[in-house]
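Below is one structure, written out as structure tokens; comments come after it.
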Amino acid sequence: MKKDVIYIDVEDDITTIVGKIKSSKEKIVAVVPPARYGVFQSAVNMRLLKRAADTAKKHLVIISNSSALAALAASANIPVAKNLQTKPEIAEIPVLKVDDNDVIDGNDLPIGDIASATKSKSASDRAVDDVIATSATTSTSGDAAKKPVRGKKSEPKVPNFSTFRKRLFVFGGLGVLLVGFLVWAIWFAPKATVIITAKNTPVTVDSNVQLAVDGVTDFKASTIKSIFQEQTADVSVEFSATGKKKVGEKAKGTVRIKTDATTILMTGLTVPAGTQIQSSGGSIYLTGADVVFPQGSPSALAGIVVAVTAANVGEEYNGATGSASTSANGVTSVAFVTSPSGGSSREVTVVSEDDLAKATAALGEKKVPDLRSKLESSFSESNVVIKETFQEKRGDPVPSVKINEEATGPVTLKSTVTASMMAVERSEIQKFLKTGIQSEIEGMKSQKIYSDGSSDVKFSQFVNDAEKPKIRLTANGKIGPVIKEDEVKEQSLGKNYGEIQLALEAIDGVEDVDIKFWPFWVRTVPNDVDRITVEFKIKDGS
């Protein structure tokens with residue numbers, strides 16, 4: 001190890017020497033005093049040099065072959081070497097002859113930071129220094145040892161037992177706290193969390209299932225117990241009738257119908273009710289009853305009178321007279337007996353077929369607000385609503401005024417809408433999917449279901465069969481290795497990070513192993529399963 005050699009001049013005082021020791025850049029400082037010792041002849045100065053070196057964290061060595069100087073240095077616990085190549089040692093303290101004039105009071109030295117350092121010392125430390133100084137100055141050889149020291153007589157110092165007790169309590173309390181902390185830190189604080197990330201394998205369940213309202217969930221039978229809900233609401237539109245129609249009374253009268261004698265004698269004749277009779281003016285009337293000519297009845301030759309009614313309403317059918325004609329077979333003549341009368345008419349607005357067709361189209365485009373959302377909200381939170389099953393059925397529209405009937409104001413066309421939707425209880429979906437995935441891993445003892453995929457199940461291709469509605473169900477589950485928490489804890493007891501990682505990553509399906517220790521100084525897992533936490537994670541999942 002390097003050392004710094006400082007040569008001291010006779011003129012150097014204690015302050016200069018202390019400054020040189022402190023300014024040295026080496027840890028070991030070898031001081032070579034002059035032939036005439038100068039400041040080195042004082043035990044107090046020696047003690048000041050020792051204290052300055054200790055404060056600066058230096059190892060002080062005096063280079064001298066003088067036994068007297070070695071003894072004086074030994075009183076300050078400073079090692080002495082005879083030269084720069086020999087090993088420094090603390091000499092045994094011989095009886096040293098010291099002149100009275102060589103006694104120096106360190107408190108009287110103007111040595112800067114050393115003087116201030118000595119002033120800041122405690123009373124007990126100053127007492128020890130005084131005793132050492134007094135002992136050093138009164139230690140002489142021969143007759144000089146009996147010679148009294150000039151100046152004020154030193155008084156014995158009494159130890160301060162109150163300060164000692166306080167220090168004892170303070171350091172004792174700190175010791176107890178230290179022991180308590182060590183006990184807590186070693187036996188109670190340590191904890192470990194073993195985080196295992198497992199590989200997972202996706203398993204897809206894709207099945208056409210029957211939504212069985214009154215059935216049970218059965219994977220093999222491809223049925224899922226379902227729930228059916230429906231709600232009804234009325235929709236209507238108003239429209240104005242545009243059809244025109246004459247209404248009123250039909251004219252009524254009578255006619256006489258005749259046939260020839262041959263027909264009466266040979267076969268007889270029947271003219272049915274509703275036979276058209278046309279007046280000479282072209283108006284059409286209808287007979288109100290059958291006209292029967294019995295066979296062989298001479299009285300029938302005079303003709304038979306029958307009531308007639310105009311084919312339509314209107315005044316133009318009133319007043320017909322004279323002969324008329326008919327297309328009926330066997331009738332030879334027709335003539336009005338009573339002139340038709342009472343006919344009248346007026347034009348009114350009626351519902352036409354075109355009016356009703358337009359209103360029906362408008363009604364079909366009209367939607368029931370919030371009907372779908374109301375239907376969805378009718379299911380409970382535990383139900384998975386299958387939106388694809390939403391259906392709307394509309395009843396036949398019914399007008400408030402029938403076709404060709406008079407409409408005196410706006411006409412209303414109304415229809416009833418019946419909306420329906422289906423849902424499945426989430427537990428039923430989970431039951432179906434778990435059974436399906438379990439059938440996939442049957443025989444694989446090292447694998448278990450990590451996720452059944454029920455949280456992201458999808459439905460499509462709904463077939464609305466009234467008796468057996470069907471839909472396609474698709475879900476992606478996940479399977480992974482079977483890892484038992486208790487076994488992981490047992491495997492981890494007392495082991496470090498690398499040992500646990502090596503052991504657990506050997507398990508088939510384990511992707512990664514991480515261990516978190518607490519507090520920061522812990523490096524091994526505690527030998528207590530209650531202080532071990534095991535967390536499972538699925539790669540790219542939870």
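By convention in this document, the chains of the structure tokens carry letters A, B, ... by their order, each chain's residues are numbered from 1, and ligands are numbered from 1 in the order they are shown.
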
Just want the 9 Å neighbourhood of Lys191 of chain A, counted on only C-alpha atoms, with same-chain residues fewer than 6 positions away dropped. Output as a VMD selection string. chain A and resid 516 to 519 522 525 to 526 530 to 533

Emit the selected residues as a short mmCIF file (atom, residue, chain, number, x, y, z; two decimals), in the first residue's frame, including N, CA and C atoms.
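File produced: selection-v2.cif:
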data_model
loop_
_atom_site.label_atom_id
_atom_site.label_comp_id
_atom_site.auth_asym_id
_atom_site.auth_seq_id
_atom_site.Cartn_x
_atom_site.Cartn_y
_atom_site.Cartn_z
N LYS A 516 -42.23 -13.41 -7.03
CA LYS A 516 -42.06 -12.09 -6.42
C LYS A 516 -41.89 -12.27 -4.92
N PHE A 517 -40.76 -11.78 -4.40
CA PHE A 517 -40.46 -11.90 -2.98
C PHE A 517 -40.76 -10.58 -2.27
N TRP A 518 -41.07 -10.70 -0.99
CA TRP A 518 -41.30 -9.52 -0.17
C TRP A 518 -40.90 -9.84 1.26
N PRO A 519 -40.20 -8.92 1.93
CA PRO A 519 -39.64 -7.64 1.49
C PRO A 519 -38.46 -7.85 0.52
N VAL A 522 -35.63 -10.55 0.87
CA VAL A 522 -35.94 -11.98 0.83
C VAL A 522 -35.49 -12.56 -0.52
N VAL A 525 -38.10 -18.70 -0.86
CA VAL A 525 -39.51 -18.85 -0.47
C VAL A 525 -39.58 -19.31 0.99
N PRO A 526 -40.47 -18.73 1.80
CA PRO A 526 -40.60 -19.15 3.20
C PRO A 526 -40.98 -20.64 3.31
N ASP A 530 -48.59 -21.01 4.23
CA ASP A 530 -49.51 -19.90 4.42
C ASP A 530 -48.92 -18.57 3.97
N ARG A 531 -47.60 -18.54 3.76
CA ARG A 531 -46.94 -17.31 3.32
C ARG A 531 -46.60 -17.36 1.83
N ILE A 532 -47.21 -18.31 1.16
CA ILE A 532 -46.99 -18.45 -0.28
C ILE A 532 -48.32 -18.25 -0.99
N THR A 533 -48.31 -17.43 -1.99
CA THR A 533 -49.49 -17.20 -2.82
C THR A 533 -49.19 -17.68 -4.24
#

Which residues come within 12 Å of Ser382 of chain A, counting only C-alpha atoms, excluding same-chain residues fewer than 6 positions away, as a PDB file with N, CA and C atoms, in the first residue's frame?
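The file below, selection-v7.pdb, is the result:
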ATOM      1  N   ILE A 227     -85.920 -19.692 -23.389  1.00  0.00           N
ATOM      2  CA  ILE A 227     -87.008 -18.877 -22.844  1.00  0.00           C
ATOM      3  C   ILE A 227     -87.620 -18.087 -23.997  1.00  0.00           C
ATOM      4  N   ALA A 423     -84.339 -16.331 -25.541  1.00  0.00           N
ATOM      5  CA  ALA A 423     -83.105 -16.172 -24.764  1.00  0.00           C
ATOM      6  C   ALA A 423     -82.771 -17.508 -24.120  1.00  0.00           C
ATOM      7  N   VAL A 424     -81.547 -17.582 -23.606  1.00  0.00           N
ATOM      8  CA  VAL A 424     -81.085 -18.791 -22.923  1.00  0.00           C
ATOM      9  C   VAL A 424     -80.422 -18.377 -21.617  1.00  0.00           C
ATOM     10  N   GLU A 425     -80.736 -19.078 -20.558  1.00  0.00           N
ATOM     11  CA  GLU A 425     -80.085 -18.823 -19.275  1.00  0.00           C
ATOM     12  C   GLU A 425     -78.585 -19.083 -19.430  1.00  0.00           C
ATOM     13  N   ARG A 426     -77.749 -18.143 -18.897  1.00  0.00           N
ATOM     14  CA  ARG A 426     -76.298 -18.274 -19.066  1.00  0.00           C
ATOM     15  C   ARG A 426     -75.774 -19.600 -18.512  1.00  0.00           C
ATOM     16  N   SER A 427     -76.342 -20.051 -17.416  1.00  0.00           N
ATOM     17  CA  SER A 427     -75.893 -21.319 -16.834  1.00  0.00           C
ATOM     18  C   SER A 427     -76.163 -22.486 -17.775  1.00  0.00           C
ATOM     19  N   GLU A 428     -77.235 -22.391 -18.572  1.00  0.00           N
ATOM     20  CA  GLU A 428     -77.542 -23.455 -19.526  1.00  0.00           C
ATOM     21  C   GLU A 428     -76.518 -23.461 -20.671  1.00  0.00           C
ATOM     22  N   ILE A 429     -76.089 -22.269 -21.096  1.00  0.00           N
ATOM     23  CA  ILE A 429     -75.054 -22.190 -22.129  1.00  0.00           C
ATOM     24  C   ILE A 429     -73.746 -22.761 -21.611  1.00  0.00           C
ATOM     25  N   GLN A 430     -73.383 -22.397 -20.372  1.00  0.00           N
ATOM     26  CA  GLN A 430     -72.147 -22.914 -19.783  1.00  0.00           C
ATOM     27  C   GLN A 430     -72.198 -24.439 -19.669  1.00  0.00           C
ATOM     28  N   SER A 455     -68.689 -16.403 -22.348  1.00  0.00           N
ATOM     29  CA  SER A 455     -68.729 -14.939 -22.294  1.00  0.00           C
ATOM     30  C   SER A 455     -68.715 -14.317 -23.688  1.00  0.00           C
TER      31      SER A 455
END

Secondary structure check, alpha helix (DSSP H) residues of segment 275-499 of chain A, as a PDB file with N, CA and C atoms, in the first residue's frame:
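After the write, result_29.pdb holds the following:
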ATOM      1  N   GLU A 353    -111.495   0.342 -53.092  1.00  0.00           N
ATOM      2  CA  GLU A 353    -110.443  -0.671 -52.978  1.00  0.00           C
ATOM      3  C   GLU A 353    -109.058  -0.033 -53.100  1.00  0.00           C
ATOM      4  N   ASP A 354    -108.937   0.965 -53.933  1.00  0.00           N
ATOM      5  CA  ASP A 354    -107.650   1.650 -54.089  1.00  0.00           C
ATOM      6  C   ASP A 354    -107.274   2.385 -52.812  1.00  0.00           C
ATOM      7  N   ASP A 355    -108.284   3.005 -52.162  1.00  0.00           N
ATOM      8  CA  ASP A 355    -108.016   3.670 -50.877  1.00  0.00           C
ATOM      9  C   ASP A 355    -107.443   2.683 -49.862  1.00  0.00           C
ATOM     10  N   LEU A 356    -108.058   1.530 -49.776  1.00  0.00           N
ATOM     11  CA  LEU A 356    -107.639   0.533 -48.783  1.00  0.00           C
ATOM     12  C   LEU A 356    -106.251  -0.035 -49.110  1.00  0.00           C
ATOM     13  N   ALA A 357    -105.938  -0.218 -50.383  1.00  0.00           N
ATOM     14  CA  ALA A 357    -104.628  -0.745 -50.776  1.00  0.00           C
ATOM     15  C   ALA A 357    -103.513   0.220 -50.395  1.00  0.00           C
ATOM     16  N   LYS A 358    -103.715   1.502 -50.640  1.00  0.00           N
ATOM     17  CA  LYS A 358    -102.706   2.500 -50.286  1.00  0.00           C
ATOM     18  C   LYS A 358    -102.507   2.583 -48.772  1.00  0.00           C
ATOM     19  N   ALA A 359    -103.591   2.541 -48.030  1.00  0.00           N
ATOM     20  CA  ALA A 359    -103.504   2.620 -46.573  1.00  0.00           C
ATOM     21  C   ALA A 359    -102.801   1.394 -46.001  1.00  0.00           C
ATOM     22  N   THR A 360    -103.019   0.230 -46.592  1.00  0.00           N
ATOM     23  CA  THR A 360    -102.375  -1.000 -46.126  1.00  0.00           C
ATOM     24  C   THR A 360    -100.862  -0.930 -46.326  1.00  0.00           C
ATOM     25  N   ALA A 361    -100.413  -0.374 -47.450  1.00  0.00           N
ATOM     26  CA  ALA A 361     -98.975  -0.219 -47.706  1.00  0.00           C
ATOM     27  C   ALA A 361     -98.343   0.739 -46.700  1.00  0.00           C
ATOM     28  N   ALA A 362     -99.016   1.831 -46.392  1.00  0.00           N
ATOM     29  CA  ALA A 362     -98.495   2.791 -45.413  1.00  0.00           C
ATOM     30  C   ALA A 362     -98.419   2.174 -44.024  1.00  0.00           C
ATOM     31  N   LEU A 363     -99.391   1.359 -43.693  1.00  0.00           N
ATOM     32  CA  LEU A 363     -99.407   0.709 -42.382  1.00  0.00           C
ATOM     33  C   LEU A 363     -98.239  -0.268 -42.240  1.00  0.00           C
ATOM     34  N   GLY A 364     -97.886  -0.952 -43.329  1.00  0.00           N
ATOM     35  CA  GLY A 364     -96.789  -1.913 -43.276  1.00  0.00           C
ATOM     36  C   GLY A 364     -95.444  -1.263 -43.016  1.00  0.00           C
ATOM     37  N   GLU A 365     -95.288  -0.014 -43.433  1.00  0.00           N
ATOM     38  CA  GLU A 365     -94.025   0.695 -43.218  1.00  0.00           C
ATOM     39  C   GLU A 365     -93.928   1.338 -41.839  1.00  0.00           C
ATOM     40  N   LEU A 371     -90.295  -1.210 -29.480  1.00  0.00           N
ATOM     41  CA  LEU A 371     -90.872  -2.531 -29.202  1.00  0.00           C
ATOM     42  C   LEU A 371     -89.766  -3.568 -29.005  1.00  0.00           C
ATOM     43  N   ARG A 372     -88.705  -3.489 -29.833  1.00  0.00           N
ATOM     44  CA  ARG A 372     -87.608  -4.459 -29.720  1.00  0.00           C
ATOM     45  C   ARG A 372     -86.868  -4.292 -28.388  1.00  0.00           C
ATOM     46  N   SER A 373     -86.562  -3.042 -28.024  1.00  0.00           N
ATOM     47  CA  SER A 373     -85.834  -2.816 -26.772  1.00  0.00           C
ATOM     48  C   SER A 373     -86.672  -3.200 -25.559  1.00  0.00           C
ATOM     49  N   LYS A 374     -87.972  -2.947 -25.625  1.00  0.00           N
ATOM     50  CA  LYS A 374     -88.849  -3.352 -24.515  1.00  0.00           C
ATOM     51  C   LYS A 374     -88.883  -4.864 -24.374  1.00  0.00           C
ATOM     52  N   LEU A 375     -88.854  -5.534 -25.502  1.00  0.00           N
ATOM     53  CA  LEU A 375     -88.868  -6.994 -25.471  1.00  0.00           C
ATOM     54  C   LEU A 375     -87.558  -7.534 -24.885  1.00  0.00           C
ATOM     55  N   GLU A 376     -86.440  -6.922 -25.252  1.00  0.00           N
ATOM     56  CA  GLU A 376     -85.149  -7.355 -24.711  1.00  0.00           C
ATOM     57  C   GLU A 376     -85.077  -7.127 -23.202  1.00  0.00           C
ATOM     58  N   SER A 377     -85.597  -5.986 -22.759  1.00  0.00           N
ATOM     59  CA  SER A 377     -85.537  -5.667 -21.330  1.00  0.00           C
ATOM     60  C   SER A 377     -86.465  -6.538 -20.492  1.00  0.00           C
ATOM     61  N   ARG A 426     -77.749 -18.143 -18.897  1.00  0.00           N
ATOM     62  CA  ARG A 426     -76.298 -18.274 -19.066  1.00  0.00           C
ATOM     63  C   ARG A 426     -75.774 -19.600 -18.512  1.00  0.00           C
ATOM     64  N   SER A 427     -76.342 -20.051 -17.416  1.00  0.00           N
ATOM     65  CA  SER A 427     -75.893 -21.319 -16.834  1.00  0.00           C
ATOM     66  C   SER A 427     -76.163 -22.486 -17.775  1.00  0.00           C
ATOM     67  N   GLU A 428     -77.235 -22.391 -18.572  1.00  0.00           N
ATOM     68  CA  GLU A 428     -77.542 -23.455 -19.526  1.00  0.00           C
ATOM     69  C   GLU A 428     -76.518 -23.461 -20.671  1.00  0.00           C
ATOM     70  N   ILE A 429     -76.089 -22.269 -21.096  1.00  0.00           N
ATOM     71  CA  ILE A 429     -75.054 -22.190 -22.129  1.00  0.00           C
ATOM     72  C   ILE A 429     -73.746 -22.761 -21.611  1.00  0.00           C
ATOM     73  N   GLN A 430     -73.383 -22.397 -20.372  1.00  0.00           N
ATOM     74  CA  GLN A 430     -72.147 -22.914 -19.783  1.00  0.00           C
ATOM     75  C   GLN A 430     -72.198 -24.439 -19.669  1.00  0.00           C
ATOM     76  N   LYS A 431     -73.353 -24.952 -19.265  1.00  0.00           N
ATOM     77  CA  LYS A 431     -73.514 -26.398 -19.154  1.00  0.00           C
ATOM     78  C   LYS A 431     -73.323 -27.066 -20.515  1.00  0.00           C
ATOM     79  N   PHE A 432     -73.920 -26.488 -21.547  1.00  0.00           N
ATOM     80  CA  PHE A 432     -73.818 -27.050 -22.899  1.00  0.00           C
ATOM     81  C   PHE A 432     -72.371 -27.023 -23.385  1.00  0.00           C
ATOM     82  N   LEU A 433     -71.683 -25.865 -23.216  1.00  0.00           N
ATOM     83  CA  LEU A 433     -70.318 -25.713 -23.721  1.00  0.00           C
ATOM     84  C   LEU A 433     -69.322 -26.579 -22.954  1.00  0.00           C
ATOM     85  N   LYS A 434     -69.457 -26.638 -21.632  1.00  0.00           N
ATOM     86  CA  LYS A 434     -68.533 -27.454 -20.845  1.00  0.00           C
ATOM     87  C   LYS A 434     -68.639 -28.927 -21.216  1.00  0.00           C
ATOM     88  N   THR A 435     -69.877 -29.368 -21.443  1.00  0.00           N
ATOM     89  CA  THR A 435     -70.057 -30.760 -21.863  1.00  0.00           C
ATOM     90  C   THR A 435     -69.400 -30.992 -23.219  1.00  0.00           C
ATOM     91  N   GLY A 436     -69.548 -29.999 -24.125  1.00  0.00           N
ATOM     92  CA  GLY A 436     -68.955 -30.137 -25.451  1.00  0.00           C
ATOM     93  C   GLY A 436     -67.434 -30.143 -25.406  1.00  0.00           C
ATOM     94  N   ILE A 437     -66.845 -29.235 -24.606  1.00  0.00           N
ATOM     95  CA  ILE A 437     -65.379 -29.178 -24.516  1.00  0.00           C
ATOM     96  C   ILE A 437     -64.845 -30.402 -23.792  1.00  0.00           C
ATOM     97  N   GLN A 438     -65.582 -30.861 -22.760  1.00  0.00           N
ATOM     98  CA  GLN A 438     -65.145 -32.032 -22.008  1.00  0.00           C
ATOM     99  C   GLN A 438     -65.087 -33.258 -22.911  1.00  0.00           C
ATOM    100  N   SER A 439     -65.989 -33.322 -23.862  1.00  0.00           N
ATOM    101  CA  SER A 439     -65.964 -34.454 -24.786  1.00  0.00           C
ATOM    102  C   SER A 439     -64.729 -34.399 -25.685  1.00  0.00           C
ATOM    103  N   GLU A 440     -64.202 -33.184 -25.902  1.00  0.00           N
ATOM    104  CA  GLU A 440     -63.007 -33.039 -26.725  1.00  0.00           C
ATOM    105  C   GLU A 440     -61.747 -33.488 -25.979  1.00  0.00           C
ATOM    106  N   GLU A 485     -52.630 -26.003  -6.795  1.00  0.00           N
ATOM    107  CA  GLU A 485     -52.017 -24.966  -5.975  1.00  0.00           C
ATOM    108  C   GLU A 485     -51.249 -25.547  -4.791  1.00  0.00           C
ATOM    109  N   ASP A 486     -51.826 -26.524  -4.106  1.00  0.00           N
ATOM    110  CA  ASP A 486     -51.157 -27.110  -2.937  1.00  0.00           C
ATOM    111  C   ASP A 486     -49.830 -27.753  -3.316  1.00  0.00           C
ATOM    112  N   GLU A 487     -49.803 -28.428  -4.469  1.00  0.00           N
ATOM    113  CA  GLU A 487     -48.571 -29.073  -4.895  1.00  0.00           C
ATOM    114  C   GLU A 487     -47.506 -28.045  -5.260  1.00  0.00           C
ATOM    115  N   VAL A 488     -47.930 -26.927  -5.869  1.00  0.00           N
ATOM    116  CA  VAL A 488     -46.982 -25.877  -6.209  1.00  0.00           C
ATOM    117  C   VAL A 488     -46.358 -25.298  -4.942  1.00  0.00           C
ATOM    118  N   LYS A 489     -47.172 -25.069  -3.922  1.00  0.00           N
ATOM    119  CA  LYS A 489     -46.652 -24.538  -2.662  1.00  0.00           C
ATOM    120  C   LYS A 489     -45.651 -25.489  -2.033  1.00  0.00           C
ATOM    121  N   GLU A 490     -45.978 -26.760  -2.010  1.00  0.00           N
ATOM    122  CA  GLU A 490     -45.072 -27.745  -1.425  1.00  0.00           C
ATOM    123  C   GLU A 490     -43.755 -27.807  -2.194  1.00  0.00           C
ATOM    124  N   GLN A 491     -43.842 -27.712  -3.509  1.00  0.00           N
ATOM    125  CA  GLN A 491     -42.626 -27.757  -4.332  1.00  0.00           C
ATOM    126  C   GLN A 491     -41.741 -26.526  -4.117  1.00  0.00           C
ATOM    127  N   SER A 492     -42.346 -25.431  -3.685  1.00  0.00           N
ATOM    128  CA  SER A 492     -41.605 -24.167  -3.598  1.00  0.00           C
ATOM    129  C   SER A 492     -41.001 -23.902  -2.231  1.00  0.00           C
ATOM    130  N   TYR A 497     -35.301 -18.601  -6.481  1.00  0.00           N
ATOM    131  CA  TYR A 497     -35.989 -18.306  -7.745  1.00  0.00           C
ATOM    132  C   TYR A 497     -35.692 -19.360  -8.808  1.00  0.00           C
ATOM    133  N   GLY A 498     -34.415 -19.620  -9.021  1.00  0.00           N
ATOM    134  CA  GLY A 498     -34.026 -20.535 -10.085  1.00  0.00           C
ATOM    135  C   GLY A 498     -34.525 -21.950  -9.879  1.00  0.00           C
ATOM    136  N   GLU A 499     -34.485 -22.421  -8.629  1.00  0.00           N
ATOM    137  CA  GLU A 499     -34.932 -23.792  -8.349  1.00  0.00           C
ATOM    138  C   GLU A 499     -36.428 -23.941  -8.626  1.00  0.00           C
TER     139      GLU A 499
END

Which residues are near segment 389-405 of chain A? Cut-off 6 Å, only C-alpha atoms, ignore same chain within fewer than 2 positions. Put them as a VMD selection string. chain A and resid 350 to 352 386 to 387 411 to 422

So, with only C-alpha atoms as the atoms that count, which of A:Leu502, A:Leu60, A:Val482, A:Ala466 lies closest to Val213 of chain A?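 Going through A:Leu502, A:Leu60, A:Val482, A:Ala466 one by one, the smallest distance to Val213 of chain A is for A:Ala466.
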
Please report the interatomic distance between atom CA of Gly175 of chain A and atom CA of Thr163 of chain A in Å with one decimal.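 A separation of 18.1 Å between them.
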
Can you measure atom CA of Ala212 of chain A to atom CA of Lys225 of chain A for me? One decimal in Å is fine.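 Atom CA of Ala212 of chain A sits 4.9 Å away from atom CA of Lys225 of chain A.
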
re atom CA of Ala198 of chain A and atom CA of Thr474 of chain A: distance 24.5 Å

So that I can check the surroundings of Gly248 of chain A, please list as a list in words every protein, DNA and RNA residue that reaches within 7 Å of it, counting only C-alpha atoms and ignoring chain neighbours fewer than 2 positions away.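 Residues near the query, excluding close chain neighbours: Lys246, Lys250, Val313, Gly314, Ser344, Ser345 and Arg346 of chain A.
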
Serialized selection, N, CA and C atoms, as an mmCIF file, in the first residue's frame:
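result-v6.cif was written with the following content:
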data_model
loop_
_atom_site.group_PDB
_atom_site.id
_atom_site.type_symbol
_atom_site.label_atom_id
_atom_site.label_comp_id
_atom_site.auth_asym_id
_atom_site.auth_seq_id
_atom_site.Cartn_x
_atom_site.Cartn_y
_atom_site.Cartn_z
ATOM 1 N N LYS A 246 -123.500 6.301 -55.863
ATOM 2 C CA LYS A 246 -124.876 6.786 -55.732
ATOM 3 C C LYS A 246 -125.619 5.916 -54.748
ATOM 4 N N LYS A 250 -134.830 2.519 -54.897
ATOM 5 C CA LYS A 250 -135.107 1.967 -56.229
ATOM 6 C C LYS A 250 -136.619 2.071 -56.543
ATOM 7 N N VAL A 313 -130.766 2.557 -58.163
ATOM 8 C CA VAL A 313 -131.494 3.681 -57.574
ATOM 9 C C VAL A 313 -131.522 4.817 -58.573
ATOM 10 N N GLY A 314 -132.447 5.728 -58.378
ATOM 11 C CA GLY A 314 -132.482 6.910 -59.218
ATOM 12 C C GLY A 314 -133.885 7.241 -59.689
ATOM 13 N N SER A 344 -135.129 7.222 -56.169
ATOM 14 C CA SER A 344 -134.389 8.449 -55.820
ATOM 15 C C SER A 344 -132.868 8.106 -55.725
ATOM 16 N N SER A 345 -131.994 9.157 -55.715
ATOM 17 C CA SER A 345 -130.535 8.896 -55.609
ATOM 18 C C SER A 345 -129.788 10.148 -55.168
ATOM 19 N N ARG A 346 -128.590 9.910 -54.578
ATOM 20 C CA ARG A 346 -127.653 10.988 -54.222
ATOM 21 C C ARG A 346 -126.232 10.409 -54.274
#

I need the strand (DSSP E or B) residues of segment 229-434 of chain A per DSSP on the backbone, written as number ranges by chain. A: 229-239, 243-247, 250-259, 269-271, 276-279, 284-287, 291-293, 304-313, 323-325, 331-341, 346-351, 383-394, 398-399, 403, 406, 411-425

Taking 2 positions as the minimum chain separation for residues in the same chain, which residues sit within 12 Å of Ser24 of chain A when counting only C-alpha atoms? Answer as a list of chain:residue names.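 Final neighbour list, sorted by chain and number: A:Lys2, A:Lys3, A:Asp4, A:Val5, A:Ile6, A:Ile17, A:Val18, A:Gly19, A:Lys20, A:Ile21, A:Lys22, A:Glu26, A:Lys27, A:Ile28, A:Val29, A:Ala30, A:Val31, A:Ala52, A:Ala53, A:Ala56, A:Lys57, A:Lys58, A:His59, A:Leu60.
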
Mind checking which residues fall within 6 Å of segment 255-263 of chain A, counting only C-alpha atoms, ignoring those fewer than 2 positions away in the same chain, and posting them as a VMD selection string? chain A and resid 265 to 268 303 to 306 330 to 337

Applying 9 Å and only C-alpha atoms, which residues near Asp512 of chain A remain after dropping the ones on its own chain fewer than 3 positions away? List them as a PyMOL selection string. chain A and resi 195-199+501+504-505

Those residues you just picked out, can you put them in a file as a tab-separated table (two decimals), in the first residue's frame with C-alpha atoms?
chain	number	residue	atom	x	y	z
A	195	ILE	CA	-46.97	-16.55	-10.79
A	196	ILE	CA	-47.51	-19.33	-13.29
A	197	THR	CA	-48.38	-18.54	-16.90
A	198	ALA	CA	-49.83	-21.57	-18.64
A	199	LYS	CA	-50.15	-22.32	-22.30
A	501	GLN	CA	-38.58	-21.87	-12.03
A	504	LEU	CA	-42.35	-25.71	-12.41
A	505	GLU	CA	-41.42	-25.06	-16.03

So, with only C-alpha atoms as the atoms that count, which of A:Lys366, A:Val348, A:Glu315, A:Asp54 lies closest to Val237 of chain A?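 The closest residue to Val237 of chain A is A:Lys366.
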